[in-house]
>>> print(open('my_file-v3.txt').read())   # compact mmCIF, C-alpha atoms and all ligand atoms
# COMPACT_ATOMS: atom_id res chain seq x y z
CA MET A 1 17.20 7.10 -14.29
CA ALA A 2 13.83 8.24 -15.49
CA SER A 3 10.75 10.12 -14.49
CA VAL A 4 7.43 8.54 -15.41
CA SER A 5 4.28 10.39 -16.30
CA LEU A 6 0.90 8.77 -16.79
CA GLN A 7 -1.75 11.08 -18.18
CA GLY A 8 -5.35 9.89 -18.27
CA ILE A 9 -4.32 6.27 -18.65
CA GLU A 10 -7.22 3.96 -19.32
CA LYS A 11 -7.47 0.21 -19.85
CA SER A 12 -10.86 -1.06 -20.91
CA TYR A 13 -11.87 -4.53 -21.97
CA THR A 14 -15.15 -5.26 -23.76
CA ARG A 15 -17.22 -5.30 -20.62
CA PHE A 16 -14.82 -4.10 -17.96
CA THR A 17 -12.56 -1.17 -17.19
CA ALA A 18 -9.45 -2.26 -15.27
CA VAL A 19 -7.84 1.21 -14.98
CA ARG A 20 -9.74 4.49 -15.16
CA SER A 21 -8.24 7.86 -16.22
CA LEU A 22 -5.13 7.44 -14.12
CA ASP A 23 -2.80 10.43 -13.66
CA LEU A 24 0.49 9.74 -11.95
CA ASP A 25 3.72 11.73 -12.00
CA ILE A 26 6.69 9.81 -10.67
CA ARG A 27 9.94 11.65 -10.10
CA ASP A 28 13.34 10.60 -11.26
CA GLY A 29 14.86 8.31 -8.61
CA GLU A 30 11.67 7.96 -6.62
CA PHE A 31 10.43 4.75 -4.99
CA VAL A 32 6.70 4.61 -5.69
CA VAL A 33 4.43 1.82 -4.48
CA LEU A 34 1.12 0.99 -6.14
CA LEU A 35 -1.04 -0.35 -3.31
CA GLY A 36 -4.51 -1.79 -3.41
CA PRO A 37 -6.65 -4.89 -3.02
CA SER A 38 -6.64 -7.77 -5.47
CA GLY A 39 -8.08 -6.84 -8.86
CA CYS A 40 -7.73 -3.06 -8.45
CA GLY A 41 -5.54 -2.68 -11.55
CA LYS A 42 -1.99 -2.65 -10.19
CA THR A 43 -0.50 -5.24 -12.52
CA THR A 44 -2.37 -3.76 -15.48
CA THR A 45 -0.84 -0.35 -14.73
CA LEU A 46 2.66 -1.80 -14.38
CA ASN A 47 2.29 -3.81 -17.59
CA MET A 48 1.27 -0.67 -19.49
CA ILE A 49 4.38 1.15 -18.23
CA ALA A 50 6.52 -1.83 -19.26
CA GLY A 51 4.83 -2.04 -22.64
CA LEU A 52 3.46 -5.55 -22.08
CA ASP A 53 -0.06 -4.14 -22.31
CA THR A 54 -1.41 -1.28 -24.45
CA PRO A 55 -3.56 1.44 -22.88
CA THR A 56 -6.94 2.08 -24.49
CA GLY A 57 -6.55 5.76 -23.66
CA GLY A 58 -4.10 8.34 -22.33
CA GLN A 59 -0.37 8.85 -22.62
CA ILE A 60 2.73 7.43 -20.95
CA ARG A 61 6.00 9.34 -20.87
CA LEU A 62 9.42 8.22 -19.70
CA ASP A 63 11.34 11.43 -19.14
CA ASP A 64 10.04 13.52 -22.01
CA ARG A 65 9.64 10.65 -24.42
CA ARG A 66 6.18 9.40 -25.21
CA VAL A 67 6.37 5.61 -25.06
CA ASP A 68 2.88 4.17 -25.20
CA GLN A 69 3.50 2.98 -28.77
CA VAL A 70 7.16 2.03 -28.18
CA PRO A 71 7.82 -1.75 -27.91
CA PRO A 72 8.92 -3.03 -24.47
CA HIS A 73 12.53 -3.76 -25.41
CA ARG A 74 13.06 -0.17 -26.49
CA ARG A 75 11.84 1.39 -23.24
CA ASN A 76 14.88 0.42 -21.13
CA VAL A 77 12.63 -0.78 -18.35
CA ALA A 78 13.26 -3.95 -16.30
CA MET A 79 10.46 -5.89 -14.66
CA VAL A 80 10.62 -8.39 -11.79
CA PHE A 81 7.58 -10.60 -11.43
CA GLN A 82 5.93 -12.36 -8.53
CA SER A 83 6.62 -15.82 -9.90
CA ILE A 84 10.34 -16.20 -10.18
CA ALA A 85 11.09 -17.31 -13.73
CA LEU A 86 14.71 -18.43 -13.81
CA TYR A 87 16.01 -20.78 -16.51
CA PRO A 88 16.38 -24.09 -14.66
CA HIS A 89 19.19 -25.46 -16.86
CA MET A 90 21.36 -22.32 -16.52
CA THR A 91 23.64 -21.46 -13.61
CA VAL A 92 23.05 -18.33 -11.56
CA ARG A 93 25.81 -16.58 -13.53
CA GLU A 94 24.16 -17.52 -16.83
CA ASN A 95 20.74 -16.51 -15.58
CA ILE A 96 21.87 -13.08 -14.46
CA GLY A 97 23.88 -12.50 -17.62
CA PHE A 98 21.17 -13.72 -19.97
CA PRO A 99 19.69 -10.34 -20.98
CA LEU A 100 23.19 -9.03 -21.72
CA ARG A 101 24.11 -12.00 -23.89
CA MET A 102 20.86 -11.45 -25.78
CA GLN A 103 22.10 -7.93 -26.50
CA LYS A 104 25.34 -9.49 -27.84
CA MET A 105 27.43 -7.74 -25.21
CA PRO A 106 31.12 -8.83 -25.18
CA ALA A 107 31.74 -11.71 -22.72
CA ALA A 108 34.24 -9.79 -20.60
CA GLU A 109 31.79 -6.98 -19.97
CA VAL A 110 28.99 -9.43 -19.21
CA ARG A 111 31.28 -11.00 -16.63
CA THR A 112 32.06 -7.67 -14.96
CA ARG A 113 28.44 -6.63 -14.84
CA VAL A 114 27.24 -9.99 -13.49
CA ASP A 115 29.92 -9.89 -10.77
CA ARG A 116 28.85 -6.41 -9.77
CA ALA A 117 25.14 -7.30 -9.64
CA ALA A 118 25.88 -10.52 -7.73
CA ALA A 119 27.88 -8.62 -5.12
CA LEU A 120 25.11 -6.06 -4.74
CA LEU A 121 22.55 -8.80 -4.18
CA ARG A 122 24.85 -11.02 -2.12
CA VAL A 123 24.73 -14.07 -4.38
CA GLU A 124 28.45 -14.03 -5.33
CA SER A 125 29.08 -17.38 -3.70
CA MET A 126 26.27 -19.03 -5.63
CA LEU A 127 27.16 -18.06 -9.18
CA ASP A 128 27.88 -21.64 -10.26
CA ARG A 129 24.75 -23.15 -8.78
CA LYS A 130 21.54 -24.00 -10.62
CA PRO A 131 18.23 -22.48 -9.48
CA TYR A 132 17.08 -25.72 -7.81
CA GLN A 133 20.07 -25.43 -5.45
CA LEU A 134 18.84 -22.06 -4.13
CA SER A 135 16.32 -21.03 -1.51
CA GLY A 136 13.27 -18.97 -2.47
CA GLY A 137 14.87 -15.75 -1.28
CA GLN A 138 18.11 -16.45 -3.13
CA ARG A 139 16.17 -17.20 -6.29
CA GLN A 140 14.31 -13.92 -5.96
CA ARG A 141 17.63 -12.09 -5.54
CA VAL A 142 18.92 -13.71 -8.72
CA ALA A 143 15.78 -12.59 -10.54
CA ILE A 144 16.37 -9.05 -9.31
CA GLY A 145 20.03 -9.39 -10.36
CA ARG A 146 18.90 -10.14 -13.88
CA ALA A 147 17.05 -6.82 -13.86
CA VAL A 148 19.97 -4.93 -12.28
CA VAL A 149 22.60 -6.00 -14.87
CA ARG A 150 20.67 -4.34 -17.64
CA ASN A 151 21.19 -1.00 -16.00
CA PRO A 152 17.64 0.11 -16.77
CA ASP A 153 16.21 3.61 -16.35
CA LEU A 154 13.27 2.20 -14.49
CA PHE A 155 12.63 -0.88 -12.37
CA LEU A 156 9.14 -2.36 -12.16
CA PHE A 157 8.37 -4.90 -9.44
CA ASP A 158 5.13 -6.88 -9.32
CA GLU A 159 4.72 -8.36 -5.82
CA PRO A 160 8.26 -9.74 -5.93
CA LEU A 161 8.24 -10.88 -2.30
CA SER A 162 4.80 -12.42 -2.01
CA SER A 163 5.96 -16.00 -2.50
CA LEU A 164 8.48 -15.74 0.35
CA ASP A 165 7.80 -16.57 3.99
CA ALA A 166 7.17 -13.72 6.43
CA LYS A 167 10.69 -13.56 7.90
CA LEU A 168 12.42 -13.65 4.54
CA ARG A 169 10.04 -11.05 3.19
CA THR A 170 11.03 -8.65 5.96
CA ASP A 171 14.74 -9.22 5.24
CA MET A 172 14.30 -8.81 1.48
CA ARG A 173 12.28 -5.66 2.04
CA VAL A 174 15.23 -4.01 3.75
CA GLU A 175 17.55 -5.18 0.99
CA LEU A 176 15.30 -3.75 -1.69
CA LYS A 177 15.32 -0.41 0.06
CA ARG A 178 19.12 -0.47 0.21
CA LEU A 179 19.27 -1.54 -3.43
CA HIS A 180 17.16 1.44 -4.39
CA ARG A 181 19.53 3.75 -2.55
CA SER A 182 22.65 2.30 -4.09
CA LEU A 183 21.27 2.21 -7.65
CA ASN A 184 19.71 5.63 -7.44
CA ALA A 185 17.13 4.45 -9.97
CA THR A 186 13.38 4.92 -10.25
CA PHE A 187 11.39 2.05 -8.71
CA ILE A 188 7.71 1.31 -9.19
CA TYR A 189 6.62 -1.48 -6.92
CA VAL A 190 3.25 -3.23 -6.76
CA THR A 191 1.90 -4.82 -3.59
CA HIS A 192 -1.32 -5.38 -1.68
CA ASP A 193 0.66 -5.44 1.58
CA GLN A 194 0.28 -2.08 3.30
CA VAL A 195 3.26 -2.69 5.61
CA GLU A 196 5.48 -3.23 2.58
CA ALA A 197 4.08 -0.06 1.04
CA MET A 198 4.59 2.03 4.17
CA THR A 199 8.15 0.84 4.75
CA LEU A 200 9.42 1.02 1.17
CA ALA A 201 7.75 3.94 -0.52
CA ASP A 202 8.72 7.56 -0.96
CA ARG A 203 5.13 7.90 -2.13
CA ILE A 204 2.23 5.46 -2.18
CA ALA A 205 -0.45 5.40 -4.87
CA VAL A 206 -3.52 3.82 -3.26
CA MET A 207 -5.77 2.23 -5.87
CA SER A 208 -9.22 0.66 -5.73
CA GLY A 209 -11.45 -0.62 -8.52
CA GLY A 210 -9.27 0.90 -11.23
CA ASN A 211 -9.24 4.34 -9.57
CA LEU A 212 -6.46 6.24 -7.83
CA LEU A 213 -7.69 7.11 -4.33
CA GLN A 214 -4.67 9.02 -3.04
CA PHE A 215 -1.03 9.61 -3.99
CA ALA A 216 1.16 10.85 -1.15
CA ASP A 217 4.02 10.01 1.19
CA PRO A 218 3.39 7.20 3.74
CA ASP A 219 3.03 9.57 6.69
CA THR A 220 0.35 11.61 4.92
CA ILE A 221 -1.46 8.47 3.80
CA TYR A 222 -1.49 7.24 7.39
CA ARG A 223 -2.28 10.51 9.17
CA ARG A 224 -4.29 12.34 6.55
CA PRO A 225 -6.11 9.67 4.54
CA ALA A 226 -8.28 11.24 1.83
CA SER A 227 -11.18 8.92 2.51
CA MET A 228 -12.55 6.14 4.68
CA GLU A 229 -11.49 3.65 2.04
CA VAL A 230 -7.83 4.70 2.34
CA ALA A 231 -8.06 4.94 6.15
CA ASP A 232 -9.45 1.43 6.30
CA PHE A 233 -6.86 -0.03 3.95
CA ILE A 234 -3.86 1.49 5.75
CA GLY A 235 -2.95 0.53 9.30
CA ASN A 236 -2.65 -2.69 11.17
CA PRO A 237 -5.54 -3.15 11.56
CA GLY A 238 -7.26 -0.34 9.63
CA MET A 239 -9.13 2.64 11.05
CA ASN A 240 -12.36 2.13 13.04
CA PHE A 241 -15.55 3.93 12.14
CA LEU A 242 -18.65 4.90 14.06
CA ARG A 243 -21.23 5.49 11.35
CA GLY A 244 -24.39 7.43 11.88
CA THR A 245 -26.44 10.54 11.22
CA LEU A 246 -25.51 14.06 12.22
CA GLN A 247 -28.16 15.69 14.37
CA ALA A 248 -27.95 18.39 16.97
CA ARG A 249 -28.62 17.42 20.56
CA ASP A 250 -29.22 20.32 22.92
CA GLY A 251 -27.87 22.58 20.19
CA ALA A 252 -24.57 20.71 19.86
CA PRO A 253 -23.72 18.52 16.86
CA ALA A 254 -23.90 14.82 17.68
CA LEU A 255 -23.57 11.59 15.75
CA HIS A 256 -26.51 9.25 16.19
CA THR A 257 -25.32 5.67 15.72
CA ALA A 258 -26.80 2.21 16.25
CA GLY A 259 -24.69 1.93 19.41
CA GLY A 260 -25.46 5.31 20.96
CA ILE A 261 -25.34 9.05 20.51
CA TYR A 262 -21.93 10.69 20.53
CA GLU A 263 -21.69 14.40 21.19
CA LEU A 264 -18.86 15.75 19.08
CA PRO A 265 -15.85 17.36 20.78
CA PRO A 266 -15.34 21.03 19.75
CA ALA A 267 -12.97 20.55 16.79
CA LEU A 268 -15.17 17.85 15.24
CA ALA A 269 -18.29 19.86 16.00
CA ALA A 270 -16.88 22.81 14.07
CA ALA A 271 -16.21 20.57 11.06
CA ALA A 272 -19.64 18.93 11.39
CA ARG A 273 -21.41 22.32 11.27
CA ALA A 274 -20.25 22.67 7.67
CA LEU A 275 -22.11 19.46 6.73
CA PRO A 276 -25.86 19.36 6.07
CA ALA A 277 -27.94 18.52 9.18
CA GLY A 278 -29.29 15.01 9.03
CA SER A 279 -26.55 13.80 6.69
CA GLN A 280 -24.67 10.56 7.05
CA ALA A 281 -21.20 10.81 8.56
CA ALA A 282 -18.61 8.73 10.37
CA ILE A 283 -16.22 9.30 13.22
CA GLY A 284 -12.90 7.52 12.69
CA ILE A 285 -10.19 6.46 15.10
CA ARG A 286 -7.15 4.24 14.70
CA PRO A 287 -6.95 1.12 16.91
CA GLU A 288 -3.64 2.31 18.38
CA ALA A 289 -5.15 5.68 19.40
CA MET A 290 -7.72 4.07 21.68
CA ALA A 291 -6.95 3.57 25.37
CA PRO A 292 -8.62 2.10 28.43
CA ALA A 293 -10.96 4.60 30.16
CA PRO A 294 -10.98 7.07 31.83
CA LEU A 295 -10.71 9.81 29.27
CA SER A 296 -8.54 12.75 30.17
CA GLY A 297 -9.28 15.91 28.20
CA ASP A 298 -11.53 16.22 25.14
CA GLY A 299 -12.81 13.17 23.36
CA LEU A 300 -15.37 10.41 23.42
CA LEU A 301 -16.02 7.64 25.87
CA LEU A 302 -16.99 4.40 24.17
CA GLN A 303 -19.04 1.90 26.16
CA GLY A 304 -19.37 -1.62 24.87
CA GLN A 305 -18.74 -5.29 25.32
CA VAL A 306 -15.60 -7.30 24.59
CA TRP A 307 -16.29 -9.38 21.52
CA ALA A 308 -12.86 -10.95 20.93
CA VAL A 309 -9.34 -10.86 22.39
CA GLU A 310 -6.29 -11.41 20.19
CA PRO A 311 -2.83 -11.22 21.78
CA VAL A 312 -0.10 -10.21 19.31
CA GLY A 313 2.95 -10.05 21.59
CA PRO A 314 3.68 -6.39 22.37
CA ASP A 315 -0.02 -5.52 22.12
CA GLN A 316 -3.43 -7.09 22.15
CA PHE A 317 -6.29 -6.44 19.74
CA ILE A 318 -9.59 -6.09 21.58
CA ASP A 319 -12.74 -6.18 19.48
CA VAL A 320 -15.57 -4.23 21.04
CA VAL A 321 -19.24 -4.17 20.10
CA THR A 322 -21.30 -1.14 21.04
CA ALA A 323 -24.83 -2.38 20.34
CA GLY A 324 -25.06 -6.11 20.89
CA GLU A 325 -23.58 -8.96 18.86
CA ASP A 326 -24.59 -7.59 15.46
CA GLY A 327 -23.86 -3.95 16.22
CA PRO A 328 -20.90 -1.91 14.98
CA ARG A 329 -17.59 -3.45 15.96
CA LEU A 330 -14.39 -1.54 16.72
CA ARG A 331 -10.92 -2.85 17.26
CA ALA A 332 -8.58 -1.36 19.87
CA ARG A 333 -4.88 -2.00 20.04
CA LEU A 334 -4.09 -1.98 23.76
CA PRO A 335 -1.06 -2.71 25.96
CA PRO A 336 -0.77 -6.40 26.89
CA GLU A 337 -0.87 -6.14 30.69
CA ARG A 338 -4.57 -5.92 31.42
CA ARG A 339 -6.74 -9.03 30.92
CA TYR A 340 -10.05 -8.71 29.10
CA GLU A 341 -12.80 -11.32 29.15
CA VAL A 342 -15.04 -11.94 26.17
CA GLY A 343 -18.54 -10.71 26.97
CA ALA A 344 -17.43 -8.37 29.77
CA PRO A 345 -18.29 -4.66 29.65
CA ILE A 346 -15.49 -2.33 28.55
CA ALA A 347 -15.02 1.44 28.42
CA LEU A 348 -12.51 3.00 26.06
CA ALA A 349 -11.21 6.53 25.74
CA LEU A 350 -11.12 8.07 22.25
CA PRO A 351 -9.01 11.24 22.58
CA ALA A 352 -10.23 14.15 20.46
CA ALA A 353 -6.79 14.78 18.95
CA HIS A 354 -7.00 11.36 17.27
CA LEU A 355 -10.55 11.58 15.98
CA TYR A 356 -11.45 11.96 12.33
CA LEU A 357 -14.70 13.00 10.72
CA PHE A 358 -15.81 11.74 7.32
CA ASP A 359 -18.74 13.08 5.31
CA ALA A 360 -21.56 11.19 3.59
CA ALA A 361 -19.29 10.50 0.60
CA GLY A 362 -16.65 9.02 2.92
CA LEU A 363 -14.22 11.92 2.45
CA ARG A 364 -12.16 13.21 5.36
CA VAL A 365 -13.41 16.59 6.58
CA HIS A 366 -11.51 16.67 9.86
CA GLY A 367 -8.59 14.93 11.56
CA GLY A 368 -4.89 14.36 11.05
CA GLN A 369 -4.08 18.07 11.36
CA GLU A 370 -0.45 19.05 11.61
CA PRO A 371 0.50 19.04 15.29
CA ARG A 372 0.63 22.57 16.70
CA THR A 373 4.10 23.65 17.73
N1 LIG B 1 -8.05 -9.71 -20.43
C1 LIG B 1 -8.89 -9.25 -19.51
N2 LIG B 1 -10.21 -9.11 -19.78
C2 LIG B 1 -11.07 -8.62 -18.85
N3 LIG B 1 -10.71 -8.25 -17.61
C3 LIG B 1 -9.41 -8.35 -17.29
C4 LIG B 1 -8.44 -8.86 -18.21
N4 LIG B 1 -7.24 -8.83 -17.59
C5 LIG B 1 -7.47 -8.35 -16.35
N5 LIG B 1 -8.76 -8.06 -16.17
C6 LIG B 1 -9.37 -7.50 -14.95
O1 LIG B 1 -8.76 -6.28 -14.65
C7 LIG B 1 -8.72 -6.07 -13.24
C8 LIG B 1 -7.35 -5.62 -12.80
O2 LIG B 1 -6.44 -6.70 -12.93
P1 LIG B 1 -4.96 -6.59 -12.37
O3 LIG B 1 -4.26 -7.85 -12.74
O4 LIG B 1 -4.37 -5.33 -12.81
O5 LIG B 1 -5.23 -6.56 -10.80
P2 LIG B 1 -4.18 -6.44 -9.61
O6 LIG B 1 -4.47 -5.17 -8.90
O7 LIG B 1 -2.80 -6.66 -10.11
O8 LIG B 1 -4.64 -7.65 -8.66
P3 LIG B 1 -3.77 -8.75 -7.86
O9 LIG B 1 -3.38 -8.10 -6.55
O10 LIG B 1 -4.76 -9.86 -7.63
O11 LIG B 1 -2.62 -9.16 -8.70
C9 LIG B 1 -9.16 -7.38 -12.60
O12 LIG B 1 -10.45 -7.23 -12.08
C10 LIG B 1 -9.13 -8.37 -13.74
O13 LIG B 1 -10.13 -9.35 -13.58
MG MG B 2 -1.40 -8.21 -9.85
>>> encode(input="my_file-v3.txt", output="structure tokens")
Amino acid sequence: MASVSLQGIEKSYTRFTAVRSLDLDIRDGEFVVLLGPSGCGKTTTLNMIAGLDTPTGGQIRLDDRRVDQVPPHRRNVAMVFQSIALYPHMTVRENIGFPLRMQKMPAAEVRTRVDRAAALLRVESMLDRKPYQLSGGQRQRVAIGRAVVRNPDLFLFDEPLSSLDAKLRTDMRVELKRLHRSLNATFIYVTHDQVEAMTLADRIAVMSGGNLLQFADPDTIYRRPASMEVADFIGNPGMNFLRGTLQARDGAPALHTAGGIYELPPALAAAARALPAGSQAAIGIRPEAMAPAPLSGDGLLLQGQVWAVEPVGPDQFIDVVTAGEDGPRLRARLPPERRYEVGAPIALALPAAHLYLFDAAGLRVHGGQEPRT
């Protein structure tokens, strides 16, 4: 097991910075997910921890040992990649045991360790097969087995499930979580899939454009996103925003948007008073927090037109425009019973308890408070 500490890690190329002064402290035994869109620097970060890439600045520590100049094979770190690279001419047993044979481990011990890893990953019955005789999911389990046998301090996963179909990915996700529990090791896992991040992680590091946006447990990331960027990236679909300018109306703070003027409910109004008058701001609400009108209690009533209807089984996504075709569009996640027609008028309730307020810089200034007990 190992704790991992990144201090001011930087990776710059001649004309481009892939990772910018990244600080990250990962606890011994923790499951941390690096989450972010394509190109945000996830793989680069993982490669620097593995030693496959050298930082251009900052320090990396595994436990208390500084490792940024230590070669990969002396870090006791195992990495599982997105593309499953098994040796096609070797059996599953030989593939899993390969790193141990490279270390010149005695054959009997290799055998014991391979058997144990195979049982853990449920590929015991396939040990004599060649990779081409396995399904994608089985191959990925063998690749993970090859990491497990080494008994590393730290496991690094780079989108290991992305080449699998949706059903298999869900199954493997559960298995990875169980594997983490049974190994009691530190896992750092890269993905751009927010569902994977939410379900797997003890803590999620949300990255964008080489920067760390937020590092917190999934519940905090979902309920108390640091910024609009995080709020938008997390959730299925992401948070909705009404963007506009803060201006008092009849003495009460209101948000003036392209689709109408929204008087702020008391809690938001209090937060808005701390922002400069006339400044840009946004009200946020999650699709699943919206409901068909009427509104009971504090909140906002949103009037608009149905722009699109997407049934997804237990729910339906209803896209609503508030100021004509090109106006701001919000997406509500509503129960499936009621039928909505594209083009028809719609009124939605936005309860105050679920509203967020973001300032001109996109930072959360209100919303996601701990529920009062
Ligand atoms: N050798 C290089 N020279 C210049 N830029 C590079 C080099 N290698 C990577 N980059 C850039 O660094 C950025 C981060 O790349 P990285 O592979 O870490 O992204 P990622 O978050 O893993 O994305 P993905 O989800 O697509 O795998 C990208 O914009 C990439 O184009
Ligand atoms: Mg990558």
>>> residues_around(input="my_file-v3.txt", residues="Ala143 (chain A)", least_positions_apart="6", cutoff="7 Å", atoms="only C-alpha atoms", output="PDB file with C-alpha atoms, in the frame of the given file")
ATOM      1  CA  VAL A  80      10.620  -8.390 -11.790  1.00  0.00           C
ATOM      2  CA  ILE A  84      10.340 -16.200 -10.180  1.00  0.00           C
ATOM      3  CA  LEU A  86      14.710 -18.430 -13.810  1.00  0.00           C
TER       4      LEU A  86
END
>>> residues_near_ligand(input="my_file-v3.txt", ligand="ligand LIG 1 (chain B)", cutoff="6 Å", atoms="all atoms listed in the file", output="PyMOL selection string")
chain A and resi 13+16+18+37-44+192
>>> closest_residue(input="my_file-v3.txt", among="A:Gly304, A:Pro71, A:Pro131, A:Gly362", to="Ala349 (chain A)", atoms="all atoms listed in the file")
A:Gly304
>>> residues_around(input="my_file-v3.txt", residues="Pro292 (chain A)", least_positions_apart="2", cutoff="7 Å", atoms="all atoms listed in the file", output="list of chain:residue names")
A:Pro294, A:Ala347, A:Leu348, A:Ala349
>>> atom_distance(input="my_file-v3.txt", atom1="CA of Phe187 (chain A)", atom2="CA of Arg150 (chain A)")
14.4 Å
>>> residues_around(input="my_file-v3.txt", residues="Gln316 (chain A)", least_positions_apart="6", cutoff="12 Å", atoms="all atoms listed in the file", output="list of chain:residue names")
A:Asn236, A:Pro237, A:Pro287, A:Glu288, A:Met290, A:Ala291, A:Ala308, A:Val309, A:Glu310, A:Arg331, A:Ala332, A:Arg333, A:Leu334, A:Pro335, A:Pro336, A:Glu337, A:Arg338, A:Arg339, A:Tyr340
>>> atom_distance(input="my_file-v3.txt", atom1="CA of Thr91 (chain A)", atom2="CA of Arg111 (chain A)")
13.3 Å
>>> atom_distance(input="my_file-v3.txt", atom1="CA of Ile49 (chain A)", atom2="CA of Asp202 (chain A)")
18.9 Å
>>> closest_residue(input="my_file-v3.txt", among="A:Leu154, A:Leu179, A:Ala78, A:Val92", to="Ala2 (chain A)", atoms="only C-alpha atoms")
A:Leu154
>>> residues_around(input="my_file-v3.txt", residues="region 262-279 of chain A", least_positions_apart="5", cutoff="9 Å", atoms="all atoms listed in the file", output="list in words")
Gly244, Thr245, Leu246, Gln247, Ala248, Arg249, Ala252, Pro253, Ala254, Leu255, His256, Thr257, Asp298, Gly299, Leu300, Leu301, Leu302, Ala352, Ala353, Leu355, Tyr356, Leu357, Asp359, Ala360, Val365, His366 and Gly367 of chain A
>>> closest_residue(input="my_file-v3.txt", among="A:Lys130, A:Lys177, A:Pro345, A:Pro351", to="Leu295 (chain A)", atoms="all atoms listed in the file")
A:Pro351
